[in-house]
$ cat upload.cif   # mmCIF, N, CA and C atoms and all ligand atoms
data_coords
#
loop_
_atom_site.label_atom_id
_atom_site.label_comp_id
_atom_site.auth_asym_id
_atom_site.auth_seq_id
_atom_site.Cartn_x
_atom_site.Cartn_y
_atom_site.Cartn_z
N MET X 1 0.84 -1.19 0.00
CA MET X 1 0.00 0.00 0.00
C MET X 1 0.88 1.25 0.00
N ARG X 2 0.46 2.21 -0.79
CA ARG X 2 1.25 3.45 -0.91
C ARG X 2 1.15 4.30 0.34
N LYS X 3 2.26 4.96 0.61
CA LYS X 3 2.26 5.93 1.71
C LYS X 3 1.46 7.15 1.26
N THR X 4 0.55 7.61 2.06
CA THR X 4 -0.18 8.81 1.68
C THR X 4 0.60 10.03 2.14
N THR X 5 0.43 11.10 1.43
CA THR X 5 1.16 12.31 1.76
C THR X 5 0.23 13.50 1.64
N LEU X 6 0.53 14.54 2.39
CA LEU X 6 -0.30 15.74 2.33
C LEU X 6 0.23 16.72 1.30
N CYS X 7 1.41 16.41 0.71
CA CYS X 7 1.99 17.34 -0.25
C CYS X 7 1.42 17.05 -1.63
N ILE X 8 0.77 18.04 -2.23
CA ILE X 8 0.11 17.80 -3.51
C ILE X 8 1.11 17.44 -4.61
N PHE X 9 2.30 18.04 -4.60
CA PHE X 9 3.26 17.69 -5.64
C PHE X 9 3.80 16.27 -5.44
N CYS X 10 4.07 15.89 -4.20
CA CYS X 10 4.50 14.50 -3.95
C CYS X 10 3.39 13.53 -4.37
N SER X 11 2.14 13.89 -4.10
CA SER X 11 1.02 13.02 -4.49
C SER X 11 0.96 12.86 -6.01
N ILE X 12 1.14 13.95 -6.73
CA ILE X 12 1.12 13.87 -8.20
C ILE X 12 2.29 13.02 -8.69
N ILE X 13 3.47 13.25 -8.12
CA ILE X 13 4.68 12.52 -8.54
C ILE X 13 4.51 11.02 -8.28
N GLN X 14 3.84 10.68 -7.17
CA GLN X 14 3.64 9.26 -6.84
C GLN X 14 2.44 8.65 -7.58
N GLY X 15 1.74 9.49 -8.36
CA GLY X 15 0.59 8.98 -9.11
C GLY X 15 -0.68 8.89 -8.29
N ASP X 16 -0.69 9.52 -7.13
CA ASP X 16 -1.87 9.46 -6.25
C ASP X 16 -2.84 10.62 -6.47
N ALA X 17 -2.43 11.61 -7.23
CA ALA X 17 -3.30 12.75 -7.52
C ALA X 17 -3.12 13.09 -9.00
N PRO X 18 -4.18 13.62 -9.62
CA PRO X 18 -4.07 13.92 -11.04
C PRO X 18 -3.20 15.15 -11.29
N GLY X 19 -2.46 15.09 -12.38
CA GLY X 19 -1.66 16.23 -12.80
C GLY X 19 -1.41 16.05 -14.29
N VAL X 20 -1.30 17.15 -15.01
CA VAL X 20 -1.03 17.07 -16.44
C VAL X 20 0.46 17.25 -16.64
N LEU X 21 1.13 16.13 -16.92
CA LEU X 21 2.59 16.15 -17.01
C LEU X 21 3.06 16.62 -18.38
N VAL X 22 4.12 17.39 -18.37
CA VAL X 22 4.75 17.88 -19.59
C VAL X 22 6.05 17.13 -19.85
N TYR X 23 6.73 16.78 -18.76
CA TYR X 23 8.09 16.23 -18.88
C TYR X 23 8.40 15.50 -17.58
N THR X 24 9.21 14.46 -17.69
CA THR X 24 9.72 13.83 -16.49
C THR X 24 11.09 13.20 -16.79
N ASP X 25 11.95 13.21 -15.79
CA ASP X 25 13.21 12.46 -15.88
C ASP X 25 13.50 11.91 -14.48
N ASN X 26 14.73 11.51 -14.23
CA ASN X 26 15.02 10.90 -12.93
C ASN X 26 14.87 11.86 -11.76
N GLU X 27 15.07 13.14 -12.03
CA GLU X 27 15.11 14.12 -10.94
C GLU X 27 13.95 15.09 -10.88
N PHE X 28 13.30 15.33 -12.03
CA PHE X 28 12.30 16.40 -12.09
C PHE X 28 11.04 15.96 -12.81
N VAL X 29 9.95 16.64 -12.48
CA VAL X 29 8.76 16.57 -13.33
C VAL X 29 8.37 18.00 -13.66
N ALA X 30 7.76 18.16 -14.82
CA ALA X 30 7.17 19.44 -15.19
C ALA X 30 5.70 19.18 -15.44
N LEU X 31 4.84 20.03 -14.86
CA LEU X 31 3.42 19.85 -15.03
C LEU X 31 2.75 21.18 -15.29
N MET X 32 1.56 21.11 -15.88
CA MET X 32 0.83 22.33 -16.18
C MET X 32 0.23 22.88 -14.89
N ASP X 33 0.34 24.21 -14.71
CA ASP X 33 -0.36 24.87 -13.60
C ASP X 33 -1.86 24.83 -13.89
N LYS X 34 -2.65 24.41 -12.89
CA LYS X 34 -4.09 24.30 -13.09
C LYS X 34 -4.76 25.66 -13.26
N TYR X 35 -4.12 26.71 -12.76
CA TYR X 35 -4.68 28.06 -12.84
C TYR X 35 -3.66 28.97 -13.52
N PRO X 36 -3.47 28.77 -14.83
CA PRO X 36 -2.36 29.46 -15.51
C PRO X 36 -2.55 30.98 -15.61
N VAL X 37 -1.45 31.69 -15.45
CA VAL X 37 -1.44 33.14 -15.73
C VAL X 37 -1.67 33.33 -17.23
N ASN X 38 -0.99 32.55 -18.03
CA ASN X 38 -1.26 32.44 -19.47
C ASN X 38 -1.18 30.95 -19.81
N TYR X 39 -1.81 30.55 -20.91
CA TYR X 39 -1.75 29.15 -21.30
C TYR X 39 -0.31 28.76 -21.60
N GLY X 40 0.10 27.64 -21.05
CA GLY X 40 1.49 27.21 -21.16
C GLY X 40 2.24 27.36 -19.85
N HIS X 41 1.62 28.02 -18.87
CA HIS X 41 2.22 28.20 -17.54
C HIS X 41 2.55 26.82 -16.95
N THR X 42 3.83 26.58 -16.74
CA THR X 42 4.32 25.25 -16.35
C THR X 42 5.07 25.34 -15.04
N LEU X 43 4.99 24.28 -14.25
CA LEU X 43 5.72 24.20 -12.98
C LEU X 43 6.78 23.12 -13.09
N LEU X 44 8.01 23.46 -12.77
CA LEU X 44 9.10 22.49 -12.74
C LEU X 44 9.37 22.14 -11.28
N VAL X 45 9.31 20.83 -10.97
CA VAL X 45 9.31 20.38 -9.58
C VAL X 45 10.35 19.27 -9.41
N PRO X 46 11.24 19.36 -8.42
CA PRO X 46 12.12 18.22 -8.15
C PRO X 46 11.30 17.04 -7.60
N LYS X 47 11.68 15.83 -7.98
CA LYS X 47 10.91 14.66 -7.52
C LYS X 47 11.04 14.46 -6.02
N LEU X 48 12.21 14.76 -5.47
CA LEU X 48 12.37 14.65 -4.02
C LEU X 48 11.77 15.89 -3.37
N HIS X 49 11.20 15.70 -2.19
CA HIS X 49 10.54 16.81 -1.51
C HIS X 49 11.57 17.70 -0.80
N TYR X 50 11.65 18.94 -1.22
CA TYR X 50 12.39 19.98 -0.50
C TYR X 50 11.42 21.12 -0.28
N ASN X 51 11.42 21.65 0.93
CA ASN X 51 10.46 22.71 1.23
C ASN X 51 10.69 23.95 0.39
N ASP X 52 11.95 24.32 0.22
CA ASP X 52 12.24 25.54 -0.51
C ASP X 52 13.63 25.44 -1.14
N LEU X 53 14.01 26.48 -1.85
CA LEU X 53 15.26 26.45 -2.61
C LEU X 53 16.47 26.21 -1.71
N LEU X 54 16.45 26.80 -0.53
CA LEU X 54 17.62 26.74 0.34
C LEU X 54 17.80 25.38 1.00
N SER X 55 16.80 24.50 0.90
CA SER X 55 16.97 23.15 1.44
C SER X 55 17.42 22.16 0.35
N MET X 56 17.60 22.64 -0.88
CA MET X 56 18.04 21.77 -1.98
C MET X 56 19.56 21.73 -2.09
N PRO X 57 20.14 20.58 -2.52
CA PRO X 57 21.57 20.56 -2.83
C PRO X 57 21.87 21.53 -3.97
N ILE X 58 23.00 22.20 -3.88
CA ILE X 58 23.30 23.27 -4.83
C ILE X 58 23.41 22.74 -6.27
N ASP X 59 23.95 21.52 -6.44
CA ASP X 59 24.07 21.01 -7.80
C ASP X 59 22.70 20.69 -8.41
N LEU X 60 21.76 20.29 -7.55
CA LEU X 60 20.40 20.04 -8.03
C LEU X 60 19.72 21.35 -8.43
N ILE X 61 20.00 22.41 -7.70
CA ILE X 61 19.46 23.74 -8.07
C ILE X 61 19.98 24.10 -9.46
N GLY X 62 21.27 23.85 -9.69
CA GLY X 62 21.84 24.16 -11.00
C GLY X 62 21.14 23.40 -12.12
N ARG X 63 20.94 22.10 -11.90
CA ARG X 63 20.28 21.28 -12.93
C ARG X 63 18.82 21.71 -13.11
N MET X 64 18.18 22.13 -12.01
CA MET X 64 16.78 22.56 -12.11
C MET X 64 16.67 23.81 -13.00
N TYR X 65 17.60 24.74 -12.83
CA TYR X 65 17.52 25.96 -13.64
C TYR X 65 17.95 25.72 -15.08
N CYS X 66 18.85 24.78 -15.32
CA CYS X 66 19.15 24.39 -16.71
C CYS X 66 17.89 23.83 -17.36
N MET X 67 17.19 22.98 -16.61
CA MET X 67 15.96 22.39 -17.14
C MET X 67 14.90 23.46 -17.33
N ALA X 68 14.84 24.43 -16.42
CA ALA X 68 13.85 25.52 -16.55
C ALA X 68 14.08 26.28 -17.85
N ALA X 69 15.34 26.54 -18.18
CA ALA X 69 15.64 27.25 -19.42
C ALA X 69 15.25 26.41 -20.63
N ASN X 70 15.54 25.13 -20.56
CA ASN X 70 15.20 24.23 -21.66
C ASN X 70 13.68 24.18 -21.87
N LEU X 71 12.95 24.10 -20.76
CA LEU X 71 11.49 24.08 -20.84
C LEU X 71 10.95 25.41 -21.35
N ALA X 72 11.54 26.50 -20.89
CA ALA X 72 11.08 27.83 -21.30
C ALA X 72 11.15 27.96 -22.82
N LYS X 73 12.22 27.44 -23.40
CA LYS X 73 12.38 27.50 -24.85
C LYS X 73 11.24 26.74 -25.53
N ALA X 74 10.93 25.56 -25.02
CA ALA X 74 9.85 24.75 -25.60
C ALA X 74 8.49 25.43 -25.42
N ILE X 75 8.28 26.05 -24.27
CA ILE X 75 6.99 26.70 -23.99
C ILE X 75 6.80 27.90 -24.92
N VAL X 76 7.83 28.73 -25.03
CA VAL X 76 7.73 29.92 -25.89
C VAL X 76 7.43 29.52 -27.32
N LEU X 77 8.10 28.47 -27.80
CA LEU X 77 7.84 27.97 -29.15
C LEU X 77 6.41 27.47 -29.30
N SER X 78 5.95 26.71 -28.31
CA SER X 78 4.64 26.05 -28.41
C SER X 78 3.48 27.02 -28.39
N VAL X 79 3.55 28.03 -27.52
CA VAL X 79 2.40 28.93 -27.39
C VAL X 79 2.68 30.28 -28.06
N LYS X 80 3.79 30.34 -28.83
CA LYS X 80 4.15 31.55 -29.59
C LYS X 80 4.16 32.79 -28.69
N ALA X 81 4.83 32.66 -27.56
CA ALA X 81 4.91 33.77 -26.60
C ALA X 81 5.96 34.77 -27.06
N ASP X 82 5.83 36.00 -26.55
CA ASP X 82 6.82 37.05 -26.85
C ASP X 82 7.94 37.06 -25.82
N GLY X 83 7.70 36.44 -24.68
CA GLY X 83 8.71 36.39 -23.62
C GLY X 83 8.24 35.45 -22.55
N PHE X 84 8.93 35.40 -21.44
CA PHE X 84 8.48 34.52 -20.33
C PHE X 84 9.05 35.04 -19.02
N ASN X 85 8.38 34.68 -17.93
CA ASN X 85 8.89 34.92 -16.58
C ASN X 85 9.27 33.59 -15.96
N LEU X 86 10.38 33.57 -15.21
CA LEU X 86 10.67 32.47 -14.30
C LEU X 86 10.36 33.00 -12.91
N GLY X 87 9.59 32.22 -12.13
CA GLY X 87 9.22 32.66 -10.79
C GLY X 87 9.48 31.55 -9.79
N GLN X 88 9.99 31.92 -8.63
CA GLN X 88 10.32 30.88 -7.65
C GLN X 88 10.13 31.51 -6.26
N ASN X 89 9.03 31.12 -5.58
CA ASN X 89 8.67 31.73 -4.30
C ASN X 89 9.14 30.85 -3.15
N ASN X 90 9.69 31.47 -2.12
CA ASN X 90 10.19 30.72 -0.95
C ASN X 90 9.60 31.29 0.32
N GLY X 91 8.75 30.48 0.97
CA GLY X 91 8.15 30.89 2.24
C GLY X 91 6.83 31.62 2.03
N ARG X 92 6.02 31.58 3.09
CA ARG X 92 4.69 32.20 3.02
C ARG X 92 4.79 33.69 2.72
N ALA X 93 5.81 34.32 3.29
CA ALA X 93 5.97 35.76 3.08
C ALA X 93 6.18 36.08 1.61
N ALA X 94 6.72 35.12 0.87
CA ALA X 94 6.99 35.31 -0.56
C ALA X 94 5.88 34.70 -1.42
N ASN X 95 4.75 34.37 -0.77
CA ASN X 95 3.59 33.84 -1.49
C ASN X 95 3.81 32.43 -2.04
N GLN X 96 4.64 31.63 -1.34
CA GLN X 96 4.77 30.21 -1.71
C GLN X 96 3.54 29.48 -1.19
N ILE X 97 2.75 28.93 -2.11
CA ILE X 97 1.49 28.27 -1.72
C ILE X 97 1.74 26.80 -1.41
N VAL X 98 2.46 26.09 -2.28
CA VAL X 98 2.75 24.67 -2.05
C VAL X 98 4.18 24.58 -1.49
N PRO X 99 4.32 24.02 -0.28
CA PRO X 99 5.66 23.99 0.34
C PRO X 99 6.54 22.85 -0.17
N HIS X 100 6.64 22.75 -1.48
CA HIS X 100 7.54 21.82 -2.17
C HIS X 100 8.11 22.67 -3.30
N VAL X 101 9.42 22.81 -3.28
CA VAL X 101 10.04 23.79 -4.17
C VAL X 101 9.62 23.60 -5.63
N HIS X 102 9.35 24.69 -6.32
CA HIS X 102 8.95 24.63 -7.73
C HIS X 102 9.27 25.95 -8.42
N VAL X 103 9.51 25.83 -9.72
CA VAL X 103 9.79 27.01 -10.54
C VAL X 103 8.62 27.21 -11.50
N HIS X 104 8.05 28.41 -11.48
CA HIS X 104 7.00 28.77 -12.44
C HIS X 104 7.67 29.24 -13.73
N ILE X 105 7.21 28.71 -14.86
CA ILE X 105 7.66 29.20 -16.16
C ILE X 105 6.39 29.72 -16.83
N ILE X 106 6.36 31.04 -17.01
CA ILE X 106 5.11 31.70 -17.42
C ILE X 106 5.32 32.43 -18.74
N PRO X 107 4.69 31.93 -19.81
CA PRO X 107 4.82 32.64 -21.09
C PRO X 107 4.13 33.99 -21.02
N ARG X 108 4.70 34.98 -21.69
CA ARG X 108 4.13 36.34 -21.67
C ARG X 108 4.00 36.89 -23.08
N TYR X 109 3.09 37.81 -23.22
CA TYR X 109 2.81 38.45 -24.51
C TYR X 109 2.97 39.95 -24.38
N ASN X 110 3.29 40.57 -25.49
CA ASN X 110 3.56 42.01 -25.45
C ASN X 110 2.42 42.81 -24.84
N TYR X 111 1.18 42.37 -25.05
CA TYR X 111 0.05 43.20 -24.60
C TYR X 111 -0.81 42.49 -23.57
N ASP X 112 -0.21 41.59 -22.77
CA ASP X 112 -1.04 40.84 -21.81
C ASP X 112 -1.20 41.55 -20.46
N SER X 113 -0.57 42.69 -20.27
CA SER X 113 -0.74 43.40 -19.00
C SER X 113 -0.73 44.91 -19.25
N PRO X 114 -1.81 45.41 -19.89
CA PRO X 114 -1.85 46.84 -20.23
C PRO X 114 -1.74 47.74 -18.99
N ASN X 115 -2.18 47.24 -17.82
CA ASN X 115 -2.10 48.09 -16.62
C ASN X 115 -0.83 47.81 -15.81
N GLY X 116 0.03 46.92 -16.33
CA GLY X 116 1.28 46.63 -15.62
C GLY X 116 1.15 45.56 -14.56
N ASN X 117 -0.07 45.08 -14.29
CA ASN X 117 -0.26 44.01 -13.30
C ASN X 117 -0.13 42.65 -13.99
N TRP X 118 0.03 41.61 -13.16
CA TRP X 118 0.00 40.26 -13.72
C TRP X 118 -1.36 40.02 -14.36
N PRO X 119 -1.38 39.32 -15.50
CA PRO X 119 -2.68 38.90 -16.03
C PRO X 119 -3.39 38.02 -14.98
N SER X 120 -4.71 38.10 -14.90
CA SER X 120 -5.40 37.29 -13.89
C SER X 120 -5.33 35.82 -14.29
N ARG X 121 -5.27 34.97 -13.27
CA ARG X 121 -5.17 33.53 -13.53
C ARG X 121 -6.45 33.01 -14.15
N LYS X 122 -6.29 32.02 -15.02
CA LYS X 122 -7.41 31.44 -15.72
C LYS X 122 -7.71 30.07 -15.12
N VAL X 123 -8.92 29.59 -15.34
CA VAL X 123 -9.23 28.22 -14.97
C VAL X 123 -9.24 27.42 -16.27
N ALA X 124 -8.28 26.51 -16.41
CA ALA X 124 -8.14 25.75 -17.65
C ALA X 124 -8.72 24.36 -17.46
N SER X 125 -9.34 23.85 -18.50
CA SER X 125 -9.86 22.48 -18.43
C SER X 125 -8.71 21.50 -18.60
N LEU X 126 -8.89 20.29 -18.12
CA LEU X 126 -7.86 19.27 -18.26
C LEU X 126 -7.57 18.99 -19.73
N VAL X 127 -8.61 19.08 -20.56
CA VAL X 127 -8.43 18.83 -21.99
C VAL X 127 -7.53 19.89 -22.60
N GLU X 128 -7.80 21.16 -22.25
CA GLU X 128 -6.95 22.24 -22.76
C GLU X 128 -5.51 22.06 -22.29
N LEU X 129 -5.37 21.76 -20.99
CA LEU X 129 -4.02 21.60 -20.43
C LEU X 129 -3.28 20.45 -21.10
N ALA X 130 -3.98 19.36 -21.34
CA ALA X 130 -3.34 18.19 -21.95
C ALA X 130 -2.89 18.50 -23.37
N ARG X 131 -3.70 19.28 -24.10
CA ARG X 131 -3.35 19.65 -25.47
C ARG X 131 -2.07 20.51 -25.48
N ILE X 132 -2.01 21.48 -24.59
CA ILE X 132 -0.83 22.35 -24.52
C ILE X 132 0.39 21.56 -24.06
N ALA X 133 0.18 20.68 -23.07
CA ALA X 133 1.29 19.88 -22.54
C ALA X 133 1.90 19.02 -23.64
N GLU X 134 1.05 18.46 -24.48
CA GLU X 134 1.54 17.60 -25.56
C GLU X 134 2.39 18.42 -26.52
N SER X 135 1.92 19.61 -26.83
CA SER X 135 2.66 20.48 -27.75
C SER X 135 4.01 20.88 -27.16
N ILE X 136 4.02 21.24 -25.88
CA ILE X 136 5.28 21.63 -25.22
C ILE X 136 6.23 20.43 -25.20
N SER X 137 5.66 19.29 -24.84
CA SER X 137 6.47 18.08 -24.72
C SER X 137 7.19 17.76 -26.02
N LYS X 138 6.48 17.95 -27.14
CA LYS X 138 7.09 17.68 -28.45
C LYS X 138 8.17 18.69 -28.80
N SER X 139 8.08 19.88 -28.20
CA SER X 139 9.05 20.95 -28.52
C SER X 139 10.29 20.91 -27.66
N ILE X 140 10.30 20.08 -26.62
CA ILE X 140 11.47 20.03 -25.75
C ILE X 140 12.63 19.43 -26.53
N ALA X 141 13.73 20.16 -26.52
CA ALA X 141 14.91 19.71 -27.26
C ALA X 141 15.44 18.43 -26.63
N GLU X 142 16.08 17.66 -27.45
CA GLU X 142 16.79 16.50 -26.92
C GLU X 142 17.83 17.01 -25.90
N PRO X 143 18.24 16.17 -24.96
CA PRO X 143 19.26 16.61 -24.01
C PRO X 143 20.43 17.27 -24.73
N LEU X 144 20.85 18.39 -24.19
CA LEU X 144 21.93 19.13 -24.85
C LEU X 144 23.22 18.34 -24.78
N SER X 145 24.19 18.78 -25.57
CA SER X 145 25.43 18.01 -25.69
C SER X 145 26.14 17.88 -24.35
N SER X 146 25.85 18.80 -23.43
CA SER X 146 26.49 18.70 -22.11
C SER X 146 25.93 17.52 -21.32
N GLY X 147 24.78 17.02 -21.74
CA GLY X 147 24.21 15.86 -21.07
C GLY X 147 23.64 16.16 -19.70
N TYR X 148 23.28 17.42 -19.45
CA TYR X 148 22.86 17.76 -18.09
C TYR X 148 21.53 17.18 -17.69
N LEU X 149 20.78 16.62 -18.64
CA LEU X 149 19.48 16.07 -18.27
C LEU X 149 19.61 14.66 -17.70
N GLN X 150 20.81 14.13 -17.70
CA GLN X 150 20.96 12.77 -17.16
C GLN X 150 20.62 12.77 -15.71
ZN ZN D 201 6.31 17.24 -1.72
#

$ encode --input "upload.cif" --output "structure tokens" --more "lines below"
Ligand SMILES: [Zn+2]
Amino acid sequence: MRKTTLCIFCSIIQGDAPGVLVYTDNEFVALMDKYPVNYGHTLLVPKLHYNDLLSMPIDLIGRMYCMAANLAKAIVLSVKADGFNLGQNNGRAANQIVPHVHVHIIPRYNYDSPNGNWPSRKVASLVELARIAESISKSIAEPLSSGYLQ
């Protein structure tokens, strides 16, 4: 019998909760944010549970950000974005909602924030998310020559 956990990301990683996966390897999963700022908003999550960035091994942080850049390229291509934000919140004071470290990769458009505020989050259907995830997944480059995705 599986160990139950209260962490939603650990539950998704263990297959105990639904999530729309974009990418997975030995160390990380990438999944669609259920409430995207823009379509294509993806979360990159280490498979092992770390509460925040400062509790992660430094080499794993390095690989996570290499993967974030690789994913960002695929996301921008897939949803034809004009740019993207990388976001990483640590602690309640910084608006970290899920206490399992994750990087937000948020595609942006030239005119998506006329008032300078973040675009409001959308509620996306699982079908929409799965369609975008498939497109992003196909756009992810093969592991770079440095082999950092191993
Ligand atoms: Zn967790």

$ select_by_dssp --input "upload.cif" --residues "segment 60-96 of chain X" --states "helix (DSSP H, G or I)" --output "NGL selection string"
:X and (60-79 or 92-94)

$ write_last_selection --input "upload.cif" --atoms "N, CA and C atoms" --output "compact mmCIF listing (two decimals), in the coordinates of the input"
# COMPACT_ATOMS: atom_id res chain seq x y z
N LEU X 60 21.76 20.29 -7.55
CA LEU X 60 20.40 20.04 -8.03
C LEU X 60 19.72 21.35 -8.43
N ILE X 61 20.00 22.41 -7.70
CA ILE X 61 19.46 23.74 -8.07
C ILE X 61 19.98 24.10 -9.46
N GLY X 62 21.27 23.85 -9.69
CA GLY X 62 21.84 24.16 -11.00
C GLY X 62 21.14 23.40 -12.12
N ARG X 63 20.94 22.10 -11.90
CA ARG X 63 20.28 21.28 -12.93
C ARG X 63 18.82 21.71 -13.11
N MET X 64 18.18 22.13 -12.01
CA MET X 64 16.78 22.56 -12.11
C MET X 64 16.67 23.81 -13.00
N TYR X 65 17.60 24.74 -12.83
CA TYR X 65 17.52 25.96 -13.64
C TYR X 65 17.95 25.72 -15.08
N CYS X 66 18.85 24.78 -15.32
CA CYS X 66 19.15 24.39 -16.71
C CYS X 66 17.89 23.83 -17.36
N MET X 67 17.19 22.98 -16.61
CA MET X 67 15.96 22.39 -17.14
C MET X 67 14.90 23.46 -17.33
N ALA X 68 14.84 24.43 -16.42
CA ALA X 68 13.85 25.52 -16.55
C ALA X 68 14.08 26.28 -17.85
N ALA X 69 15.34 26.54 -18.18
CA ALA X 69 15.64 27.25 -19.42
C ALA X 69 15.25 26.41 -20.63
N ASN X 70 15.54 25.13 -20.56
CA ASN X 70 15.20 24.23 -21.66
C ASN X 70 13.68 24.18 -21.87
N LEU X 71 12.95 24.10 -20.76
CA LEU X 71 11.49 24.08 -20.84
C LEU X 71 10.95 25.41 -21.35
N ALA X 72 11.54 26.50 -20.89
CA ALA X 72 11.08 27.83 -21.30
C ALA X 72 11.15 27.96 -22.82
N LYS X 73 12.22 27.44 -23.40
CA LYS X 73 12.38 27.50 -24.85
C LYS X 73 11.24 26.74 -25.53
N ALA X 74 10.93 25.56 -25.02
CA ALA X 74 9.85 24.75 -25.60
C ALA X 74 8.49 25.43 -25.42
N ILE X 75 8.28 26.05 -24.27
CA ILE X 75 6.99 26.70 -23.99
C ILE X 75 6.80 27.90 -24.92
N VAL X 76 7.83 28.73 -25.03
CA VAL X 76 7.73 29.92 -25.89
C VAL X 76 7.43 29.52 -27.32
N LEU X 77 8.10 28.47 -27.80
CA LEU X 77 7.84 27.97 -29.15
C LEU X 77 6.41 27.47 -29.30
N SER X 78 5.95 26.71 -28.31
CA SER X 78 4.64 26.05 -28.41
C SER X 78 3.48 27.02 -28.39
N VAL X 79 3.55 28.03 -27.52
CA VAL X 79 2.40 28.93 -27.39
C VAL X 79 2.68 30.28 -28.06
N ARG X 92 6.02 31.58 3.09
CA ARG X 92 4.69 32.20 3.02
C ARG X 92 4.79 33.69 2.72
N ALA X 93 5.81 34.32 3.29
CA ALA X 93 5.97 35.76 3.08
C ALA X 93 6.18 36.08 1.61
N ALA X 94 6.72 35.12 0.87
CA ALA X 94 6.99 35.31 -0.56
C ALA X 94 5.88 34.70 -1.42

$ closest_residue --input "upload.cif" --among "X:Val123, X:Ala72, X:Val79, X:Leu86" --to "Ala141 of chain X" --atoms "only C-alpha atoms"
X:Ala72

$ residues_near_ligand --input "upload.cif" --ligand "ligand ZN 201 (chain D)" --cutoff "8 Å" --atoms "only N, CA and C atoms and all ligand atoms" --output "ChimeraX atom specification"
/X:5-12,46-51,98-101

$ residues_around --input "upload.cif" --residues "Leu53 of chain X" --least-positions-apart "3" --cutoff "7 Å" --atoms "only N, CA and C atoms" --output "JSON, numbers by chain"
{"X": [50, 56, 57, 89, 90, 101, 102]}

$ residues_around --input "upload.cif" --residues "Met64 of chain X" --least-positions-apart "4" --cutoff "10 Å" --atoms "only C-alpha atoms" --output "PDB file with N, CA and C atoms, keeping the file's coordinate frame"
ATOM      1  N   GLU X  27      15.070  13.140 -12.030  1.00  0.00           N
ATOM      2  CA  GLU X  27      15.110  14.120 -10.940  1.00  0.00           C
ATOM      3  C   GLU X  27      13.950  15.090 -10.880  1.00  0.00           C
ATOM      4  N   PHE X  28      13.300  15.330 -12.030  1.00  0.00           N
ATOM      5  CA  PHE X  28      12.300  16.400 -12.090  1.00  0.00           C
ATOM      6  C   PHE X  28      11.040  15.960 -12.810  1.00  0.00           C
ATOM      7  N   LEU X  44       8.010  23.460 -12.770  1.00  0.00           N
ATOM      8  CA  LEU X  44       9.100  22.490 -12.740  1.00  0.00           C
ATOM      9  C   LEU X  44       9.370  22.140 -11.280  1.00  0.00           C
ATOM     10  N   VAL X  45       9.310  20.830 -10.970  1.00  0.00           N
ATOM     11  CA  VAL X  45       9.310  20.380  -9.580  1.00  0.00           C
ATOM     12  C   VAL X  45      10.350  19.270  -9.410  1.00  0.00           C
ATOM     13  N   PRO X  46      11.240  19.360  -8.420  1.00  0.00           N
ATOM     14  CA  PRO X  46      12.120  18.220  -8.150  1.00  0.00           C
ATOM     15  C   PRO X  46      11.300  17.040  -7.600  1.00  0.00           C
ATOM     16  N   ILE X  58      23.000  22.200  -3.880  1.00  0.00           N
ATOM     17  CA  ILE X  58      23.300  23.270  -4.830  1.00  0.00           C
ATOM     18  C   ILE X  58      23.410  22.740  -6.270  1.00  0.00           C
ATOM     19  N   ASP X  59      23.950  21.520  -6.440  1.00  0.00           N
ATOM     20  CA  ASP X  59      24.070  21.010  -7.800  1.00  0.00           C
ATOM     21  C   ASP X  59      22.700  20.690  -8.410  1.00  0.00           C
ATOM     22  N   LEU X  60      21.760  20.290  -7.550  1.00  0.00           N
ATOM     23  CA  LEU X  60      20.400  20.040  -8.030  1.00  0.00           C
ATOM     24  C   LEU X  60      19.720  21.350  -8.430  1.00  0.00           C
ATOM     25  N   ALA X  68      14.840  24.430 -16.420  1.00  0.00           N
ATOM     26  CA  ALA X  68      13.850  25.520 -16.550  1.00  0.00           C
ATOM     27  C   ALA X  68      14.080  26.280 -17.850  1.00  0.00           C
ATOM     28  N   ALA X  69      15.340  26.540 -18.180  1.00  0.00           N
ATOM     29  CA  ALA X  69      15.640  27.250 -19.420  1.00  0.00           C
ATOM     30  C   ALA X  69      15.250  26.410 -20.630  1.00  0.00           C
ATOM     31  N   ASN X  70      15.540  25.130 -20.560  1.00  0.00           N
ATOM     32  CA  ASN X  70      15.200  24.230 -21.660  1.00  0.00           C
ATOM     33  C   ASN X  70      13.680  24.180 -21.870  1.00  0.00           C
ATOM     34  N   HIS X 102       9.350  24.690  -6.320  1.00  0.00           N
ATOM     35  CA  HIS X 102       8.950  24.630  -7.730  1.00  0.00           C
ATOM     36  C   HIS X 102       9.270  25.950  -8.420  1.00  0.00           C
ATOM     37  N   VAL X 103       9.510  25.830  -9.720  1.00  0.00           N
ATOM     38  CA  VAL X 103       9.790  27.010 -10.540  1.00  0.00           C
ATOM     39  C   VAL X 103       8.620  27.210 -11.500  1.00  0.00           C
ATOM     40  N   TYR X 148      23.280  17.420 -19.450  1.00  0.00           N
ATOM     41  CA  TYR X 148      22.860  17.760 -18.090  1.00  0.00           C
ATOM     42  C   TYR X 148      21.530  17.180 -17.690  1.00  0.00           C
ATOM     43  N   LEU X 149      20.780  16.620 -18.640  1.00  0.00           N
ATOM     44  CA  LEU X 149      19.480  16.070 -18.270  1.00  0.00           C
ATOM     45  C   LEU X 149      19.610  14.660 -17.700  1.00  0.00           C
TER      46      LEU X 149
END

$ residues_around --input "upload.cif" --residues "Gly83 of chain X" --least-positions-apart "2" --cutoff "7 Å" --atoms "only N, CA and C atoms" --output "list of chain:residue names"
X:Val76, X:Lys80, X:Ala81, X:Asn85, X:Ile106, X:Pro107, X:Arg108, X:Tyr109, X:Asn110

$ atom_distance --input "upload.cif" --atom1 "atom N of Ser137 of chain X" --atom2 "atom N of Ser78 of chain X"
8.2 Å

$ select_by_dssp --input "upload.cif" --residues "segment 27-89 of chain X" --states "strand (DSSP E)" --output "PyMOL selection string"
chain X and resi 28-32+42-46+83-87

$ axis_aligned_box --input "upload.cif" --around "segment 105-124 of chain X" --padding-each-side "5 Å" --output "lines of an AutoDock Vina configuration file"
center_x = -0.8
center_y = 36.2
center_z = -19.3
size_x = 26.9
size_y = 33.7
size_z = 22.3

$ atom_distance --input "upload.cif" --atom1 "atom CA of Ile97 of chain X" --atom2 "atom CA of Asp52 of chain X"
11.2 Å
